[in-house]
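Below: one structure, written as structure tokens.
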Amino acid sequence: PRKIIIDTDPGQDDAVAILLALGSPEDIDLLGITTVAGNVPLALTQKNARITCEVAGRPEIKVFAGCDAPLERPLVTAEHVHGSTGLDGPDLFEPTMALQDRHGVEFIIDTLRAEAPGTVTLCPLGPLTNIGAAFRKAPDIIDRVQEIVLMGGAYFEVGNITPAAEFNIYVDPEAARDVLASGVKITMMPLDVTHKALTSRARVQAFRDLGSRVGNFTADMLDFFERFDVEKYGSEGGPLHDPCVIAYLIQPELFSGRHINVEIETASPLTLGMTVADWWGVTDRPANALFIGDVDADGFFALLTERLGRL
Ligand code: BDR
Ligand code: CA
């Protein structure tokens, strides 16, 4: 199995991504979960990560609290999408599993130094603050990362937090810029692909039909989560952004994209956090990311349902 660290700001779709990883032990060795401020403040995202692990029956998973604010800016949150808890929908509870003492950024640094070079994949599902902070603090770890597979950005689908920017990149554009300039192998799941991984009545019912705690918890989260996109955009369901990252690690053949140059806007107030993606190769800037554009959505939901069914 592939060794990964999930860096996350749960968030219903983050929680489903964590469940997918936990349901896939033959493919994924989850070394730890680092949490970051994003959808909601850090005090809630670290708690939501622990709730998710407990729902999955995996209280031994190491969960760390990382940065509570972006590298160079005040925090912007998304309660309008995720609810005031970040995980609205199911009945939530006070988790009893421990939060690790170490700072999430220290865990990322220590792990990359301890494991053999090129054997740990980072999976950021929120603003890139923790990864950016780790790279600034310990540049020696950059060359040791196997790959970064992240959810963030948008090109043809433009933005979801501003007309130009996707939320994760918008919240910490300096961290995103640093990560994209790091030279690490990067795969990006932008809105272009995640808006094709939409829930539907039948897809949510399939989770409920699992008849398990995980199945009901997931269906309750998604019933809440999808209302935002259905009401606001009239789309048929809610986009399962973050699980695309984990699904890609398990079944990359479900996805397709292009190796292109992606730059992050960090100055313009109008287009802050925009991922300027050279999809058509109109510049000679070198490719720095695999930018995913398409997914086999039925295959993706089949994988998700089957793996959550194992928990
Ligand atoms: C991203 O922002 C968050 O709201 C979701 O969890 C996802 O990571 C989508 O723009
Ligand atoms: Ca997220």
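Chain labels follow the order of the structure tokens: the first chain is A, the next B, and so on; residue numbering restarts at 1 in every chain, and ligands are counted from 1 in their shown order.
Residues of stretch 65-225 of chain A carrying a DSSP assignment of strand (DSSP E or B), computed from the backbone, are Ala65, Val120, Thr121, Leu122, Cys123, Pro124, Val145, Gln146, Glu147, Ile148, Val149, Leu150, Met151, Ile186, Thr187, Met188, Met189 and Leu198 of chain A.
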What residues of the protein or nucleic acid chains come within 9 Å of ligand 2 when you use only C-alpha atoms and all ligand atoms? Reply as number ranges by chain. A: 7-15, 38-39, 124-127, 151-152, 167-168, 241-242
Taking 2 positions as the minimum chain separation for residues in the same chain, which residues sit within 7 Å of A:Asp296 when counting only C-alpha atoms? Answer as a ChimeraX atom specification. /A:254-255,298-300
Can you check which residues of stretch 212-287 of chain A DSSP gives as helix (DSSP H, G or I) on the backbone and send them as a ChimeraX atom specification? /A:213-233,243-250,252-254
For the residues selected in the previous step, produce a file with N, CA and C atoms as an mmCIF file, in the first residue's frame.
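And here is the file that came out, again.cif:
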```
data_model
loop_
_atom_site.group_PDB
_atom_site.id
_atom_site.type_symbol
_atom_site.label_atom_id
_atom_site.label_comp_id
_atom_site.auth_asym_id
_atom_site.auth_seq_id
_atom_site.Cartn_x
_atom_site.Cartn_y
_atom_site.Cartn_z
ATOM 1 N N ARG A 213 -23.255 2.147 10.111
ATOM 2 C CA ARG A 213 -23.073 3.469 10.703
ATOM 3 C C ARG A 213 -22.392 4.410 9.703
ATOM 4 N N VAL A 214 -21.356 3.900 9.032
ATOM 5 C CA VAL A 214 -20.637 4.716 8.045
ATOM 6 C C VAL A 214 -21.560 5.102 6.884
ATOM 7 N N GLY A 215 -22.373 4.148 6.438
ATOM 8 C CA GLY A 215 -23.283 4.425 5.322
ATOM 9 C C GLY A 215 -24.299 5.497 5.668
ATOM 10 N N ASN A 216 -24.894 5.388 6.856
ATOM 11 C CA ASN A 216 -25.888 6.388 7.267
ATOM 12 C C ASN A 216 -25.246 7.746 7.530
ATOM 13 N N PHE A 217 -24.089 7.738 8.159
ATOM 14 C CA PHE A 217 -23.379 8.993 8.445
ATOM 15 C C PHE A 217 -23.061 9.710 7.126
ATOM 16 N N THR A 218 -22.569 8.953 6.157
ATOM 17 C CA THR A 218 -22.225 9.533 4.851
ATOM 18 C C THR A 218 -23.468 10.083 4.166
ATOM 19 N N ALA A 219 -24.545 9.308 4.145
ATOM 20 C CA ALA A 219 -25.786 9.764 3.491
ATOM 21 C C ALA A 219 -26.319 11.018 4.184
ATOM 22 N N ASP A 220 -26.258 11.058 5.515
ATOM 23 C CA ASP A 220 -26.729 12.243 6.244
ATOM 24 C C ASP A 220 -25.871 13.470 5.909
ATOM 25 N N MET A 221 -24.565 13.264 5.811
ATOM 26 C CA MET A 221 -23.683 14.387 5.441
ATOM 27 C C MET A 221 -24.007 14.883 4.034
ATOM 28 N N LEU A 222 -24.195 13.952 3.117
ATOM 29 C CA LEU A 222 -24.365 14.351 1.712
ATOM 30 C C LEU A 222 -25.739 14.951 1.461
ATOM 31 N N ASP A 223 -26.753 14.495 2.201
ATOM 32 C CA ASP A 223 -28.072 15.128 2.090
ATOM 33 C C ASP A 223 -27.961 16.611 2.426
ATOM 34 N N PHE A 224 -27.170 16.938 3.445
ATOM 35 C CA PHE A 224 -26.977 18.348 3.799
ATOM 36 C C PHE A 224 -26.096 19.054 2.767
ATOM 37 N N PHE A 225 -24.990 18.415 2.438
ATOM 38 C CA PHE A 225 -23.944 19.037 1.613
ATOM 39 C C PHE A 225 -24.451 19.413 0.223
ATOM 40 N N GLU A 226 -25.274 18.545 -0.369
ATOM 41 C CA GLU A 226 -25.662 18.782 -1.767
ATOM 42 C C GLU A 226 -26.657 19.926 -1.906
ATOM 43 N N ARG A 227 -27.348 20.283 -0.787
ATOM 44 C CA ARG A 227 -28.387 21.296 -0.917
ATOM 45 C C ARG A 227 -27.812 22.605 -1.433
ATOM 46 N N PHE A 228 -26.542 22.882 -1.105
ATOM 47 C CA PHE A 228 -25.948 24.151 -1.506
ATOM 48 C C PHE A 228 -25.863 24.262 -3.032
ATOM 49 N N ASP A 229 -25.304 23.253 -3.668
ATOM 50 C CA ASP A 229 -25.157 23.306 -5.125
ATOM 51 C C ASP A 229 -26.491 23.145 -5.842
ATOM 52 N N VAL A 230 -27.368 22.336 -5.268
ATOM 53 C CA VAL A 230 -28.677 22.129 -5.903
ATOM 54 C C VAL A 230 -29.470 23.432 -5.876
ATOM 55 N N GLU A 231 -29.490 24.095 -4.687
ATOM 56 C CA GLU A 231 -30.268 25.322 -4.569
ATOM 57 C C GLU A 231 -29.620 26.478 -5.312
ATOM 58 N N LYS A 232 -28.300 26.579 -5.188
ATOM 59 C CA LYS A 232 -27.644 27.759 -5.756
ATOM 60 C C LYS A 232 -27.436 27.649 -7.260
ATOM 61 N N TYR A 233 -27.009 26.473 -7.727
ATOM 62 C CA TYR A 233 -26.647 26.347 -9.145
ATOM 63 C C TYR A 233 -27.644 25.507 -9.931
ATOM 64 N N PRO A 243 -12.905 13.428 -2.199
ATOM 65 C CA PRO A 243 -12.710 11.994 -2.430
ATOM 66 C C PRO A 243 -12.039 11.690 -3.773
ATOM 67 N N CYS A 244 -12.082 12.641 -4.725
ATOM 68 C CA CYS A 244 -11.393 12.414 -6.007
ATOM 69 C C CYS A 244 -9.900 12.171 -5.779
ATOM 70 N N VAL A 245 -9.317 12.846 -4.789
ATOM 71 C CA VAL A 245 -7.884 12.694 -4.512
ATOM 72 C C VAL A 245 -7.567 11.253 -4.122
ATOM 73 N N ILE A 246 -8.352 10.711 -3.215
ATOM 74 C CA ILE A 246 -8.082 9.350 -2.730
ATOM 75 C C ILE A 246 -8.435 8.319 -3.807
ATOM 76 N N ALA A 247 -9.547 8.555 -4.521
ATOM 77 C CA ALA A 247 -9.921 7.633 -5.600
ATOM 78 C C ALA A 247 -8.831 7.566 -6.660
ATOM 79 N N TYR A 248 -8.189 8.696 -6.914
ATOM 80 C CA TYR A 248 -7.110 8.730 -7.915
ATOM 81 C C TYR A 248 -5.949 7.823 -7.496
ATOM 82 N N LEU A 249 -5.654 7.795 -6.206
ATOM 83 C CA LEU A 249 -4.562 6.939 -5.727
ATOM 84 C C LEU A 249 -4.911 5.468 -5.892
ATOM 85 N N ILE A 250 -6.189 5.151 -5.761
ATOM 86 C CA ILE A 250 -6.627 3.750 -5.808
ATOM 87 C C ILE A 250 -6.850 3.294 -7.253
ATOM 88 N N PRO A 252 -6.333 5.237 -10.650
ATOM 89 C CA PRO A 252 -6.018 6.399 -11.484
ATOM 90 C C PRO A 252 -6.671 6.331 -12.864
ATOM 91 N N GLU A 253 -6.965 5.125 -13.324
ATOM 92 C CA GLU A 253 -7.546 4.987 -14.671
ATOM 93 C C GLU A 253 -8.954 5.565 -14.759
ATOM 94 N N LEU A 254 -9.567 5.898 -13.616
ATOM 95 C CA LEU A 254 -10.875 6.565 -13.644
ATOM 96 C C LEU A 254 -10.758 8.022 -14.108
#
```
Find the residue from A:Pro139, A:Gly32, A:Gly293, A:Pro163 that sits nearest to A:Val179; use only C-alpha atoms when measuring.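 For A:Val179, the nearest of the candidates is A:Pro139.
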Long-range neighbours of A:Thr35 as a PDB file with N, CA and C atoms, in the first residue's frame, 8 Å cut-off, only C-alpha atoms, 2 positions minimum in chain:
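Okay, this is what ended up in part.pdb:
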```
ATOM      1  N   ASP A   7      -4.044  15.813   4.522  1.00  0.00           N
ATOM      2  CA  ASP A   7      -4.041  17.146   5.143  1.00  0.00           C
ATOM      3  C   ASP A   7      -5.389  17.783   4.820  1.00  0.00           C
ATOM      4  N   THR A   8      -6.184  18.123   5.836  1.00  0.00           N
ATOM      5  CA  THR A   8      -7.611  18.295   5.567  1.00  0.00           C
ATOM      6  C   THR A   8      -8.300  19.306   6.478  1.00  0.00           C
ATOM      7  N   ASP A   9      -9.478  19.787   6.009  1.00  0.00           N
ATOM      8  CA  ASP A   9     -10.277  20.759   6.768  1.00  0.00           C
ATOM      9  C   ASP A   9     -11.751  20.313   6.822  1.00  0.00           C
ATOM     10  N   ILE A  33      -3.316  12.016   9.870  1.00  0.00           N
ATOM     11  CA  ILE A  33      -4.173  13.067   9.323  1.00  0.00           C
ATOM     12  C   ILE A  33      -3.760  14.380   9.970  1.00  0.00           C
ATOM     13  N   ALA A  37      -7.002  25.007   9.195  1.00  0.00           N
ATOM     14  CA  ALA A  37      -8.154  25.903   9.148  1.00  0.00           C
ATOM     15  C   ALA A  37      -8.563  26.099   7.703  1.00  0.00           C
ATOM     16  N   LEU A  42      -9.817  25.852  12.839  1.00  0.00           N
ATOM     17  CA  LEU A  42      -9.050  24.653  13.197  1.00  0.00           C
ATOM     18  C   LEU A  42      -9.670  23.855  14.348  1.00  0.00           C
ATOM     19  N   THR A  45     -12.118  21.700  12.615  1.00  0.00           N
ATOM     20  CA  THR A  45     -11.635  20.717  11.623  1.00  0.00           C
ATOM     21  C   THR A  45     -10.895  19.558  12.303  1.00  0.00           C
ATOM     22  N   GLN A  46     -10.130  19.843  13.348  1.00  0.00           N
ATOM     23  CA  GLN A  46      -9.436  18.726  14.024  1.00  0.00           C
ATOM     24  C   GLN A  46     -10.437  17.825  14.732  1.00  0.00           C
ATOM     25  N   ALA A  49     -12.249  15.670  12.065  1.00  0.00           N
ATOM     26  CA  ALA A  49     -11.412  14.561  11.595  1.00  0.00           C
ATOM     27  C   ALA A  49     -11.490  13.406  12.596  1.00  0.00           C
ATOM     28  N   VAL A  63      -4.323  11.884  14.561  1.00  0.00           N
ATOM     29  CA  VAL A  63      -4.863  13.147  14.041  1.00  0.00           C
ATOM     30  C   VAL A  63      -4.126  14.309  14.717  1.00  0.00           C
ATOM     31  N   PHE A  64      -3.636  15.224  13.903  1.00  0.00           N
ATOM     32  CA  PHE A  64      -2.851  16.366  14.388  1.00  0.00           C
ATOM     33  C   PHE A  64      -3.546  17.670  14.029  1.00  0.00           C
ATOM     34  N   ALA A  65      -3.391  18.666  14.872  1.00  0.00           N
ATOM     35  CA  ALA A  65      -3.834  20.016  14.532  1.00  0.00           C
ATOM     36  C   ALA A  65      -2.643  20.763  13.935  1.00  0.00           C
ATOM     37  N   GLY A  66      -2.875  21.385  12.792  1.00  0.00           N
ATOM     38  CA  GLY A  66      -1.815  22.148  12.136  1.00  0.00           C
ATOM     39  C   GLY A  66      -2.043  23.641  12.274  1.00  0.00           C
ATOM     40  N   CYS A  67      -1.944  24.354  11.170  1.00  0.00           N
ATOM     41  CA  CYS A  67      -2.021  25.820  11.196  1.00  0.00           C
ATOM     42  C   CYS A  67      -3.457  26.304  11.360  1.00  0.00           C
ATOM     43  N   GLY A 104       0.787  19.648  13.509  1.00  0.00           N
ATOM     44  CA  GLY A 104       0.671  18.960  12.230  1.00  0.00           C
ATOM     45  C   GLY A 104       1.844  19.203  11.295  1.00  0.00           C
TER      46      GLY A 104
END
```
Shell of 10 Å around A:Arg73, only C-alpha atoms, local chain residues under 5 positions omitted, as a list in words: Val171, Asp172, Pro173 and Glu174 of chain A
Counting only C-alpha atoms, what is within 10 Å of stretch 281-289 of chain A, bar same-chain residues fewer than 5 positions away, as a list in words? Ile148, Val149, Leu180, Ala181, Ser182, Gly183, Val184, Lys185, Ile186, Thr187, Met188, Gly257, Arg258, His259, Ile260, Asn261, Val262 and Glu263 of chain A
Distance atom CA of A:Asp27-atom CA of A:Met189, one decimal place?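 Computing the Euclidean distance for atom CA of A:Asp27 and atom CA of A:Met189 yields 19.4 Å.
In this model, the gap between atom CA of A:His82 and atom CA of A:Gln251 comes to 27.4 Å.
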Restricting to only C-alpha atoms, whichever of A:Asp101, A:Glu106, A:Glu265, A:Glu115 is closest to A:Tyr170 is A:Glu265
Between atom CA of A:Gly211 and atom CA of A:Val295, what is the spacing in Å? 27.3 Å
Pick out the closest residue to ligand 1 from this set: A:Val76, A:Lys137, A:Gly237, A:Arg310. Count only C-alpha atoms and all ligand atoms.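 Among the listed residues, A:Val76 lies closest to ligand 1.
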Minimum-distance residue to ligand 1, chosen among A:Gly153, A:Gly118, A:Pro70, A:Pro1 (using only C-alpha atoms and all ligand atoms):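 Nearest candidate to ligand 1 out of A:Gly153, A:Gly118, A:Pro70, A:Pro1: A:Gly153.
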Using only C-alpha atoms, which residue out of A:Thr77, A:Thr34, A:Thr305, A:Thr162 lies closest to A:Leu19?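 The closest residue to A:Leu19 is A:Thr305.
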